[in-house]
Amino acid sequence: MANRGAGRPRIDAHATRAKPRRNQGWSEMNLFTDIRAAVLDALAAMAEAGKLPAGLETANVAVEPPRDAAHGDMATNAAMVLARPAGMKPRDIAGALAARLADDPRIDSAEVAGPGFLNLRIAADVWAGLVGAVLSDAGYGRSAMGAGRRMNVEFVSANPTGPLHVGHTRGAVFGDALASLLDFAGYDVTREYYINDGGAQVDVLARSAFERYREACGLSPEIAEGLYPGDYLVPVGEALKEKYGDSLLNQPEDIWLEEVREFATERMMAMIREDLAALGVAMDVFYSEKSLYGTGRIEAAIADLDGKGLIYRGTLEPPKGKMPEDWEPREQTLFRSTAHGDDVDRPIMKSDGAWTYFAPDIAYHYDKVSRGFDELIDVFGADHGGYVKRMKAAVAALSDNCVPLDIKLTQLVRLFKNGAPFKMSKRAGNFVTLRDVVEQVGADVTRFVMLTRKNDAPLDFDFDKVLEQSRDNPVFYVQYAHARVRSVMRKAAQQGIGEVAPKLEDEAELAVARKLAEWPRLVEIAARTHEPHRVAFYLYELASEFHALWNRGNEKAHLRFLQEGNTGASAEKIALPRAVGVVISAGLAILGVTPVEEMR
RNA sequence: GGCCCCGUAGCUCAGCAGGAUAGAGCGACCGCCUCCUAAGCGGUAGGUCAGAGGUUCGAAUCCUCUCGGGGCCGCCA
């Protein structure tokens, strides 16, 4: 993407807000960028020698793992990228580049292939060196990519009207892993939850809780249509009775509504925090929607947009296709979101003068921008897909295009039990909660499984299969690899085997080392695309290479990590599994999964 | 009617910033335990990347259209 710089948002507006980095520094060890640098050096030398035109754009020159391992360890597209601007044939450039790279001691061979690929084979001692670096470098895989930029990840943000259910669970896991991933990639990350405690739904909560209060006072509750029927409100009703006795009974709503609302909302948020804690999610900030009302903050945000000429009074066209029954044209206060890519302008104030839900949303994002974040991410359920454009428009307008907002949608979770769909009756209020899931399968399994699909793909979650111990359960498969590593390390410690520089000989060992070398690259790709599932897939691949090597040891004794009666050879051998353990632990840490010491 | 997501092996899904002969698991078939955990490993079979155009030296990937599945679409959050 040659024109990337043009659209890149400026960051100077907020760059003055220095804050101590939260991550532990980053690693410079990335074999792919090292070799890419060598390629660029060689190209520069060729230009120097008159073999290439000077000043060629090299941004698109890539050094990547080849799709087919038989092609070598790494491949570069340099010749094909440069052929046109240089006015030369790709294979000619590749040939000259190969000759230069052959002088690099790290490169065993460089061969031109296909339309102009240059396939590189890396010297064995380079791989051994990489394994050594994984062990000596505490931050292997960490990246400087984020450069300490401040990133706000808002996720879950469920209405405080009940316990978190499975859908929220996926959003929670995704958002938390994404936040950890970005931290690992060098961003300064804030995890944030927006509490929708300002709208009509918390009034409904209050009325529902009040019925439970009446119930606690010995009356029979009247859970009218539209109220929350879940029995999680029963203890709230009892607590209300404890606090107020029967003093609220037979009082009109305007007497008790506000107090009961406060009380119930607080109880719900306490429950939600516990749910999140059970899953291992800890927010940095809980941000109250209500705090935006009556404090002038909504007005300030709208005034900002008004100052940019983006607020006006007008009447919207009725939606095309299906006409609502009670449609009649009304003049409203509108945000000109179409000026920033939305399809229609959006109302921010109802015809009765009250704010729409969108107004506090705008104010909330205005506040995030004001707090100096360089980038924002919102994690929504897929059913909120319709709000993506308007939110992006709002942030673009509020930040003058300085703060990019990425909105990640998480698709549905389909529950199964032993292959059969699991029915949920939402009407009865007995939906499957986050607690149900975590209590049945554990937080680690829940988290890993939720990340075995791309966020925008539906996810099947089978309560039985996720606990199955077989290769088609990636949770188990990755954990098993780690347990094997730990098993070897325990035995090595018993035998007094120390740490020495690794030595790699067999192809299976090199395959594992190559996979380890991809880790820093994978982290950057996953962080850039905001896709933590890539970490889960990578760990599966790494585990697969490791299991393969392990099994080779079954066939060929000299490939076992522990060489009977030869502590020196064993020490050289166990560096590789130790490094695998390091990377699996680091990867699982990003996913929020605890690596196990042994399988039980 | 409009917008967003999706369509890849029999099934469930990956596919990195456009790269080479499109991958993995399951299922099917054939093999591997006197040996660090066989809860594992190796191999075989299986594809018009929904379809049609376009851009490109090169497209599953980018653009347009069509078909199919899902989601959303004014004063509910």
# chains A, B, ... in the order shown; residues from 1 in each chain; ligands from 1
$ interface_residues --of "chain A" --to "chain B" --cutoff "6 Å" --atoms "only C-alpha atoms (C1' of nucleotides)" --output "MDAnalysis selection string"
chainID A and resid 114 320:321 350:351 383 386 469:470 472 548 551 554
$ write_last_selection --atoms "all heavy atoms" --output "PDB file, in the first residue's frame"
ATOM      1  N   GLY A 114      10.114 -19.604 -10.023  1.00  0.00           N
ATOM      2  CA  GLY A 114       8.828 -19.117 -10.500  1.00  0.00           C
ATOM      3  C   GLY A 114       8.984 -17.837 -11.291  1.00  0.00           C
ATOM      4  O   GLY A 114       9.959 -17.655 -12.019  1.00  0.00           O
ATOM      5  N   LYS A 320     -36.759   3.336   3.243  1.00  0.00           N
ATOM      6  CA  LYS A 320     -37.269   2.707   2.024  1.00  0.00           C
ATOM      7  C   LYS A 320     -37.660   1.259   2.304  1.00  0.00           C
ATOM      8  O   LYS A 320     -37.234   0.659   3.271  1.00  0.00           O
ATOM      9  CB  LYS A 320     -36.199   2.738   0.946  1.00  0.00           C
ATOM     10  CG  LYS A 320     -35.730   4.130   0.609  1.00  0.00           C
ATOM     11  CD  LYS A 320     -36.343   4.580  -0.688  1.00  0.00           C
ATOM     12  CE  LYS A 320     -35.985   5.979  -1.140  1.00  0.00           C
ATOM     13  NZ  LYS A 320     -35.203   6.821  -0.322  1.00  0.00           N
ATOM     14  N   GLY A 321     -38.469   0.719   1.420  1.00  0.00           N
ATOM     15  CA  GLY A 321     -38.803  -0.691   1.536  1.00  0.00           C
ATOM     16  C   GLY A 321     -39.973  -0.912   2.462  1.00  0.00           C
ATOM     17  O   GLY A 321     -41.119  -0.904   2.047  1.00  0.00           O
ATOM     18  N   LYS A 350     -34.906  13.691  20.200  1.00  0.00           N
ATOM     19  CA  LYS A 350     -36.248  13.268  19.816  1.00  0.00           C
ATOM     20  C   LYS A 350     -37.151  14.485  19.667  1.00  0.00           C
ATOM     21  O   LYS A 350     -36.807  15.583  20.088  1.00  0.00           O
ATOM     22  CB  LYS A 350     -36.833  12.339  20.890  1.00  0.00           C
ATOM     23  CG  LYS A 350     -35.955  11.145  21.216  1.00  0.00           C
ATOM     24  CD  LYS A 350     -36.603  10.328  22.324  1.00  0.00           C
ATOM     25  CE  LYS A 350     -35.559   9.539  23.092  1.00  0.00           C
ATOM     26  NZ  LYS A 350     -36.128   8.910  24.291  1.00  0.00           N
ATOM     27  N   SER A 351     -38.307  14.224  19.102  1.00  0.00           N
ATOM     28  CA  SER A 351     -39.231  15.346  18.865  1.00  0.00           C
ATOM     29  C   SER A 351     -39.724  15.933  20.186  1.00  0.00           C
ATOM     30  O   SER A 351     -40.179  17.061  20.232  1.00  0.00           O
ATOM     31  CB  SER A 351     -40.414  14.871  18.015  1.00  0.00           C
ATOM     32  OG  SER A 351     -40.958  13.680  18.540  1.00  0.00           O
ATOM     33  N   ASP A 383     -25.301  -7.669  16.083  1.00  0.00           N
ATOM     34  CA  ASP A 383     -26.606  -7.035  15.905  1.00  0.00           C
ATOM     35  C   ASP A 383     -26.508  -5.510  15.969  1.00  0.00           C
ATOM     36  O   ASP A 383     -27.473  -4.821  15.689  1.00  0.00           O
ATOM     37  CB  ASP A 383     -27.604  -7.552  16.955  1.00  0.00           C
ATOM     38  CG  ASP A 383     -27.074  -7.405  18.376  1.00  0.00           C
ATOM     39  OD1 ASP A 383     -25.851  -7.250  18.539  1.00  0.00           O
ATOM     40  OD2 ASP A 383     -27.880  -7.441  19.311  1.00  0.00           O
ATOM     41  N   GLY A 386     -25.423  -1.993  12.452  1.00  0.00           N
ATOM     42  CA  GLY A 386     -25.996  -0.806  11.850  1.00  0.00           C
ATOM     43  C   GLY A 386     -25.463   0.498  12.419  1.00  0.00           C
ATOM     44  O   GLY A 386     -25.703   1.564  11.862  1.00  0.00           O
ATOM     45  N   GLN A 469     -10.533 -34.637  24.933  1.00  0.00           N
ATOM     46  CA  GLN A 469      -9.073 -34.618  24.855  1.00  0.00           C
ATOM     47  C   GLN A 469      -8.631 -35.295  23.574  1.00  0.00           C
ATOM     48  O   GLN A 469      -8.293 -36.476  23.557  1.00  0.00           O
ATOM     49  CB  GLN A 469      -8.491 -35.303  26.079  1.00  0.00           C
ATOM     50  CG  GLN A 469      -8.925 -34.605  27.357  1.00  0.00           C
ATOM     51  CD  GLN A 469      -8.137 -35.017  28.558  1.00  0.00           C
ATOM     52  OE1 GLN A 469      -7.669 -36.129  28.627  1.00  0.00           O
ATOM     53  NE2 GLN A 469      -7.951 -34.113  29.495  1.00  0.00           N
ATOM     54  N   SER A 470      -8.623 -34.528  22.495  1.00  0.00           N
ATOM     55  CA  SER A 470      -8.198 -35.089  21.220  1.00  0.00           C
ATOM     56  C   SER A 470      -7.654 -33.977  20.356  1.00  0.00           C
ATOM     57  O   SER A 470      -7.753 -32.797  20.685  1.00  0.00           O
ATOM     58  CB  SER A 470      -9.382 -35.746  20.515  1.00  0.00           C
ATOM     59  OG  SER A 470     -10.292 -34.751  20.107  1.00  0.00           O
ATOM     60  N   ASP A 472      -8.662 -32.706  17.673  1.00  0.00           N
ATOM     61  CA  ASP A 472      -9.571 -31.705  17.110  1.00  0.00           C
ATOM     62  C   ASP A 472     -10.067 -30.724  18.154  1.00  0.00           C
ATOM     63  O   ASP A 472     -10.880 -29.867  17.859  1.00  0.00           O
ATOM     64  CB  ASP A 472     -10.742 -32.374  16.361  1.00  0.00           C
ATOM     65  CG  ASP A 472     -11.576 -33.235  17.288  1.00  0.00           C
ATOM     66  OD1 ASP A 472     -11.011 -33.758  18.262  1.00  0.00           O
ATOM     67  OD2 ASP A 472     -12.782 -33.376  17.034  1.00  0.00           O
ATOM     68  N   ALA A 548       5.069 -33.318  16.339  1.00  0.00           N
ATOM     69  CA  ALA A 548       5.724 -34.092  15.279  1.00  0.00           C
ATOM     70  C   ALA A 548       7.151 -34.426  15.678  1.00  0.00           C
ATOM     71  O   ALA A 548       7.618 -35.556  15.517  1.00  0.00           O
ATOM     72  CB  ALA A 548       5.686 -33.320  13.967  1.00  0.00           C
ATOM     73  N   ASN A 551       7.319 -37.053  18.337  1.00  0.00           N
ATOM     74  CA  ASN A 551       7.107 -38.400  17.842  1.00  0.00           C
ATOM     75  C   ASN A 551       8.318 -38.938  17.083  1.00  0.00           C
ATOM     76  O   ASN A 551       8.573 -40.138  17.073  1.00  0.00           O
ATOM     77  CB  ASN A 551       5.883 -38.415  16.939  1.00  0.00           C
ATOM     78  CG  ASN A 551       5.180 -39.752  16.996  1.00  0.00           C
ATOM     79  OD1 ASN A 551       5.198 -40.510  16.052  1.00  0.00           O
ATOM     80  ND2 ASN A 551       4.603 -40.071  18.158  1.00  0.00           N
ATOM     81  N   ASN A 554      10.353 -40.817  19.212  1.00  0.00           N
ATOM     82  CA  ASN A 554       9.924 -42.197  19.446  1.00  0.00           C
ATOM     83  C   ASN A 554      10.574 -43.142  18.450  1.00  0.00           C
ATOM     84  O   ASN A 554      10.854 -44.293  18.759  1.00  0.00           O
ATOM     85  CB  ASN A 554       8.403 -42.304  19.324  1.00  0.00           C
ATOM     86  CG  ASN A 554       7.712 -41.735  20.548  1.00  0.00           C
ATOM     87  OD1 ASN A 554       8.311 -41.641  21.611  1.00  0.00           O
ATOM     88  ND2 ASN A 554       6.457 -41.340  20.391  1.00  0.00           N
TER      89      ASN A 554
END
$ residues_around --residues "region 215-225 of chain A" --least-positions-apart "5" --cutoff "10 Å" --atoms "only C-alpha atoms (C1' of nucleotides)" --output "ChimeraX atom specification"
/A:207-210,230,234-242,245-246,249,427
$ write_last_selection --atoms "C-alpha atoms" --output "mmCIF file, in the first residue's frame"
data_model
loop_
_atom_site.group_PDB
_atom_site.id
_atom_site.type_symbol
_atom_site.label_atom_id
_atom_site.label_comp_id
_atom_site.auth_asym_id
_atom_site.auth_seq_id
_atom_site.Cartn_x
_atom_site.Cartn_y
_atom_site.Cartn_z
ATOM 1 C CA ARG A 207 -39.690 -1.708 38.027
ATOM 2 C CA SER A 208 -38.685 -5.347 37.742
ATOM 3 C CA ALA A 209 -36.686 -5.143 40.957
ATOM 4 C CA PHE A 210 -39.594 -3.412 42.647
ATOM 5 C CA GLY A 230 -35.101 -13.440 35.632
ATOM 6 C CA VAL A 234 -34.983 -11.987 43.675
ATOM 7 C CA PRO A 235 -31.977 -11.250 45.933
ATOM 8 C CA VAL A 236 -32.166 -7.620 44.843
ATOM 9 C CA GLY A 237 -35.752 -7.498 46.020
ATOM 10 C CA GLU A 238 -34.753 -9.033 49.316
ATOM 11 C CA ALA A 239 -31.934 -6.554 49.737
ATOM 12 C CA LEU A 240 -34.374 -3.737 49.023
ATOM 13 C CA LYS A 241 -36.629 -5.026 51.753
ATOM 14 C CA GLU A 242 -33.711 -5.187 54.119
ATOM 15 C CA GLY A 245 -38.457 -2.365 55.135
ATOM 16 C CA ASP A 246 -41.965 -1.996 53.756
ATOM 17 C CA LEU A 249 -44.899 -0.429 49.429
ATOM 18 C CA ARG A 427 -38.598 -15.104 27.383
#
$ select_by_dssp --residues "region 460-491 of chain A" --states "helix (DSSP H, G or I)" --output "list of chain:residue names"
A:Lys465, A:Val466, A:Leu467, A:Pro474, A:Val475, A:Phe476, A:Tyr477, A:Val478, A:Gln479, A:Tyr480, A:Ala481, A:His482, A:Ala483, A:Arg484, A:Val485, A:Arg486, A:Ser487, A:Val488, A:Met489, A:Arg490, A:Lys491
$ select_by_dssp --residues "region 392-498 of chain A" --states "strand (DSSP E or B)" --output "number ranges by chain"
A: 405-410, 413-417, 420-421, 433, 459-462
$ residues_around --residues "region 168-173 of chain A" --least-positions-apart "5" --cutoff "10 Å" --atoms "only C-alpha atoms (C1' of nucleotides)" --output "JSON, numbers by chain"
{"A": [154, 155, 156, 157, 158, 163, 178, 179, 275, 276, 279, 280, 281, 282, 379, 380, 381, 408, 409, 410, 411, 412, 413, 433, 434, 435, 437, 438, 443, 446, 447, 448, 449, 450, 451, 455, 459, 532, 591, 592]}
$ write_last_selection --atoms "C-alpha atoms" --output "short mmCIF file (atom, residue, chain, number, x, y, z; two decimals), in the first residue's frame"
data_model
loop_
_atom_site.label_atom_id
_atom_site.label_comp_id
_atom_site.auth_asym_id
_atom_site.auth_seq_id
_atom_site.Cartn_x
_atom_site.Cartn_y
_atom_site.Cartn_z
CA GLU A 154 -14.15 -0.65 24.73
CA PHE A 155 -15.84 -4.01 25.06
CA VAL A 156 -18.71 -5.89 26.72
CA SER A 157 -20.62 -2.69 27.67
CA ALA A 158 -23.66 -4.85 28.37
CA PRO A 163 -26.04 -11.26 34.18
CA LEU A 178 -7.21 -8.00 21.69
CA ALA A 179 -6.18 -5.60 24.45
CA ASP A 275 -18.89 -12.45 36.00
CA LEU A 276 -15.99 -10.75 34.28
CA LEU A 279 -13.60 -15.13 33.18
CA GLY A 280 -10.37 -13.37 34.11
CA VAL A 281 -11.30 -10.03 32.61
CA ALA A 282 -10.33 -6.87 34.49
CA VAL A 379 -16.24 -4.23 20.24
CA PHE A 380 -19.95 -4.70 19.48
CA GLY A 381 -22.21 -7.66 18.95
CA LYS A 408 -15.07 -5.06 15.65
CA LEU A 409 -18.28 -7.05 15.52
CA THR A 410 -18.52 -10.41 17.23
CA GLN A 411 -20.88 -12.91 15.69
CA LEU A 412 -23.30 -15.22 17.43
CA VAL A 413 -22.33 -18.14 19.60
CA THR A 433 -25.03 -17.14 31.28
CA LEU A 434 -21.33 -16.52 31.30
CA ARG A 435 -21.30 -18.13 34.72
CA VAL A 437 -20.29 -21.62 30.77
CA VAL A 438 -17.33 -20.87 33.01
CA ALA A 443 -12.33 -20.00 32.11
CA THR A 446 -13.95 -20.93 27.42
CA ARG A 447 -11.43 -18.32 26.41
CA PHE A 448 -9.44 -20.46 24.05
CA VAL A 449 -12.48 -21.87 22.28
CA MET A 450 -13.99 -18.41 21.83
CA LEU A 451 -10.82 -17.44 19.98
CA ASN A 455 -14.60 -12.57 15.36
CA LEU A 459 -18.99 -19.85 16.59
CA PRO A 532 -6.36 -12.14 18.25
CA LEU A 591 -5.33 -15.19 25.09
CA GLY A 592 -5.68 -15.10 28.86
#
